[in-house]
Number of protein chains: 2
Amino acid sequence: MEPLLSELSLLRSRTLAEAIQEEVLRLIRNGALRTGEKLGEVEFAAKLGVSRATIREAFRALGESGLLTLEKNRGAVVRVISPAEADELYEVRAGLDAMAGARLAPLITTEQLEKLEMLLAGLTDCASSCDVAAYYPLNVAFHDSIVAMAGNATLLRLYRRVINLTHLLRRTSFADAESFAASAAEHRAIVDALATRDPLAAAEAMRRHVHAGYARMQSGRRTAAGADDAAADTLVLDAGV
Amino acid sequence: MEPLLSELSLLRSRTLAEAIQEEVLRLIRNGALRTGEKLGEVEFAAKLGVSRATIREAFRALGESGLLTLEKNRGAVVRVISPAEADELYEVRAGLDAMAGARLAPLITTEQLEKLEMLLAGLTDCASSCDVAAYYPLNVAFHDSIVAMAGNATLLRLYRRVINLTHLLRRTSFADAESFAASAAEHRAIVDALATRDPLAAAEAMRRHVHAGYARMQSGRRTAAGADDAAADTLVLDAGV
DNA sequence: CTTGCGGGATTGTCTGACATCCTGTCAATC
DNA sequence: GATTGACAGGATGTCAGACAATCCCGCAAG
């Protein structure tokens, strides 16, 4: 974790606790920290080269954001999300995405449509070459862009919070070209609906995509059950939502 | 063994920082802390009888929750919400309420309907007697109950976060019986729509109510502009949303 | 009026300390 | 053998104090 320190000393505009907060989020996102894992204060402080007080500030913020579970006298663990909570999470996410779609559709500009088309082109490229590793960040950017374009910063904040929580779910990639194609088609449908400028159509396209993606993720996990080895753990990919 | 546990369990399960967090929220809610007010660490630590470290943990969590704005080397201030952000906030709230309504309508039980009817009866009582002080908490309870009944804990968490943010807005009460009546009618419409068990109708009733309530709040503030004296500051009431 | 310059106040961060609580172990007991 | 009790070790909750970096404000100079 030496690279963190060099980065920290360079970023004077951020507080140490904030930097650590982001670092933990990064560690969760890329799978270095896994669900249920315990984060000892002294251990973490030593590893990151900061004091316990700073670590505790970061942990408390992460607890408030829902990424960590803090229990008194028992420390912090990476939050465990039950299947039921995952359902809830994706239902809420579908609702937020639908909101963004409904808001954006009537106001979307041609530049924004072009940007989405560009992202979509990248997505279909990755899909056709089955490059799952490249697909994931593009997919995240695609959805984040739509919500950001909706022009409601409060909505964007909530959306990103929910997205961060979804990173706590063990992500499974779809190896089959079929799922790739379905995901790509849904993305296409979203952009088309936005181009129509019809709020309801855009909202529905978004909602359908999230639900379908979640369903793909669940079926993917179901088929991948048992093959839960180290390779699967380092595989950090989304379900094509 | 119950009596002892009541006090002990509170201290055992709650950390000092968490208690302070709630205390600050309470102070914001009842108007003791006003928007834009600065919270000095040492001052607050002395006032609450805790150390700076604990205060900083609480402040960081509150910053993450959006109630405080933390700027490096500049301290914490109660977040200031611009009119544009207020618009965003209520739009998001309308969306969340609509989600809850849509989810609850098909599954609502008769007991739940009865509870809502009871809350509604209390609301109309307060409305007819123009008891604004009693109206506010009932109103909050009414809406919170609906979202809680929706059975999506994640949604409820997000909803409460948004509601907490709305507490940062200077609330203005409607003195006129007209607004009272409108609010009561909308609540009636919500319960009726839920009783229908039609998701779309319930969602629309919720959404309309939030938007109408926000409009009432804005018009109330507009007419109350200028009469912005101490009495108005201590008046902690909602806009009948 | 603007600019530049202290100096006090506040924040960021660390160290060290101590009481309390949790956890795992091991022996005593039933 | 399972349950209980006691105990040591480690982790957390909270505090006090320290110090550098930074901000803020007033005042003098231009």
# chains A, B, ... in the order shown; residues from 1 in each chain; ligands from 1
>>> interface_residues(of="chain B", to="chain A", cutoff="6 Å", atoms="only C-alpha atoms", output="list in words")
Glu57, Arg60, Ala61, Glu64, Glu88 and Asn152 of chain B
>>> select_by_dssp(residues="region 69-153 of chain A", states="strand (DSSP E)", output="PDB file with N, CA and C atoms, in the first residue's frame")
ATOM      1  N   THR A  69     -20.295  -2.014   8.134  1.00  0.00           N
ATOM      2  CA  THR A  69     -21.179  -2.190   9.275  1.00  0.00           C
ATOM      3  C   THR A  69     -20.355  -1.991  10.533  1.00  0.00           C
ATOM      4  N   LEU A  70     -20.774  -1.032  11.352  1.00  0.00           N
ATOM      5  CA  LEU A  70     -20.028  -0.747  12.565  1.00  0.00           C
ATOM      6  C   LEU A  70     -20.829  -1.231  13.758  1.00  0.00           C
ATOM      7  N   GLU A  71     -20.222  -2.095  14.536  1.00  0.00           N
ATOM      8  CA  GLU A  71     -20.872  -2.529  15.765  1.00  0.00           C
ATOM      9  C   GLU A  71     -19.982  -2.180  16.930  1.00  0.00           C
ATOM     10  N   GLY A  75     -16.001  -3.550  16.118  1.00  0.00           N
ATOM     11  CA  GLY A  75     -15.250  -3.141  14.953  1.00  0.00           C
ATOM     12  C   GLY A  75     -16.055  -3.004  13.679  1.00  0.00           C
ATOM     13  N   ALA A  76     -15.346  -2.856  12.584  1.00  0.00           N
ATOM     14  CA  ALA A  76     -15.968  -2.600  11.291  1.00  0.00           C
ATOM     15  C   ALA A  76     -15.781  -3.795  10.373  1.00  0.00           C
ATOM     16  N   VAL A  77     -16.828  -4.159   9.675  1.00  0.00           N
ATOM     17  CA  VAL A  77     -16.727  -5.206   8.666  1.00  0.00           C
ATOM     18  C   VAL A  77     -17.350  -4.696   7.375  1.00  0.00           C
ATOM     19  N   VAL A  78     -16.830  -5.198   6.266  1.00  0.00           N
ATOM     20  CA  VAL A  78     -17.427  -4.860   4.982  1.00  0.00           C
ATOM     21  C   VAL A  78     -18.849  -5.405   4.976  1.00  0.00           C
TER      22      VAL A  78
END
>>> interface_residues(of="chain D", to="chain B", cutoff="8 Å", atoms="only C-alpha atoms (C1' of nucleotides)", output="ChimeraX atom specification")
/D:13-15,22-23
>>> write_last_selection(atoms="C-alpha atoms (C1' of nucleotides)", output="PDB file, in the first residue's frame")
ATOM      1  C1'  DG D  13     -14.217   3.598  22.879  1.00  0.00           C
ATOM      2  C1'  DT D  14     -12.774   7.718  24.614  1.00  0.00           C
ATOM      3  C1'  DC D  15      -9.852  11.050  26.389  1.00  0.00           C
ATOM      4  C1'  DT D  22      -4.131  26.713   7.606  1.00  0.00           C
ATOM      5  C1'  DC D  23      -7.558  30.145   7.907  1.00  0.00           C
TER       6       DC D  23
END
>>> interface_residues(of="chain C", to="chain A", cutoff="9 Å", atoms="only C-alpha atoms (C1' of nucleotides)", output="count of residues only")
7
>>> decode(residues="chain D", atoms="C-alpha atoms (C1' of nucleotides)", output="short mmCIF file (atom, residue, chain, number, x, y, z; two decimals), in the first residue's frame")
data_model
loop_
_atom_site.label_atom_id
_atom_site.label_comp_id
_atom_site.auth_asym_id
_atom_site.auth_seq_id
_atom_site.Cartn_x
_atom_site.Cartn_y
_atom_site.Cartn_z
"C1'" DG D 1 -19.31 -34.87 27.15
"C1'" DA D 2 -21.46 -30.55 27.63
"C1'" DT D 3 -21.88 -26.49 30.32
"C1'" DT D 4 -20.00 -23.06 33.14
"C1'" DG D 5 -16.58 -19.89 35.03
"C1'" DA D 6 -12.44 -17.57 35.09
"C1'" DC D 7 -8.72 -15.43 32.82
"C1'" DA D 8 -5.36 -13.62 29.56
"C1'" DG D 9 -4.75 -11.23 25.28
"C1'" DG D 10 -6.32 -8.29 21.91
"C1'" DA D 11 -9.47 -4.73 20.04
"C1'" DT D 12 -12.36 -0.86 20.61
"C1'" DG D 13 -14.22 3.60 22.88
"C1'" DT D 14 -12.77 7.72 24.61
"C1'" DC D 15 -9.85 11.05 26.39
"C1'" DA D 16 -5.97 14.50 26.91
"C1'" DG D 17 -2.40 16.85 25.01
"C1'" DA D 18 0.72 18.21 21.50
"C1'" DC D 19 2.26 20.37 17.13
"C1'" DA D 20 2.18 21.92 12.35
"C1'" DA D 21 -0.64 23.79 8.73
"C1'" DT D 22 -4.13 26.71 7.61
"C1'" DC D 23 -7.56 30.15 7.91
"C1'" DC D 24 -9.34 34.57 9.40
"C1'" DC D 25 -9.15 39.25 10.80
"C1'" DG D 26 -7.29 43.56 11.82
"C1'" DC D 27 -3.82 46.89 10.75
"C1'" DA D 28 -0.33 49.25 8.38
"C1'" DA D 29 1.55 50.52 3.88
"C1'" DG D 30 0.98 51.78 -0.78
#
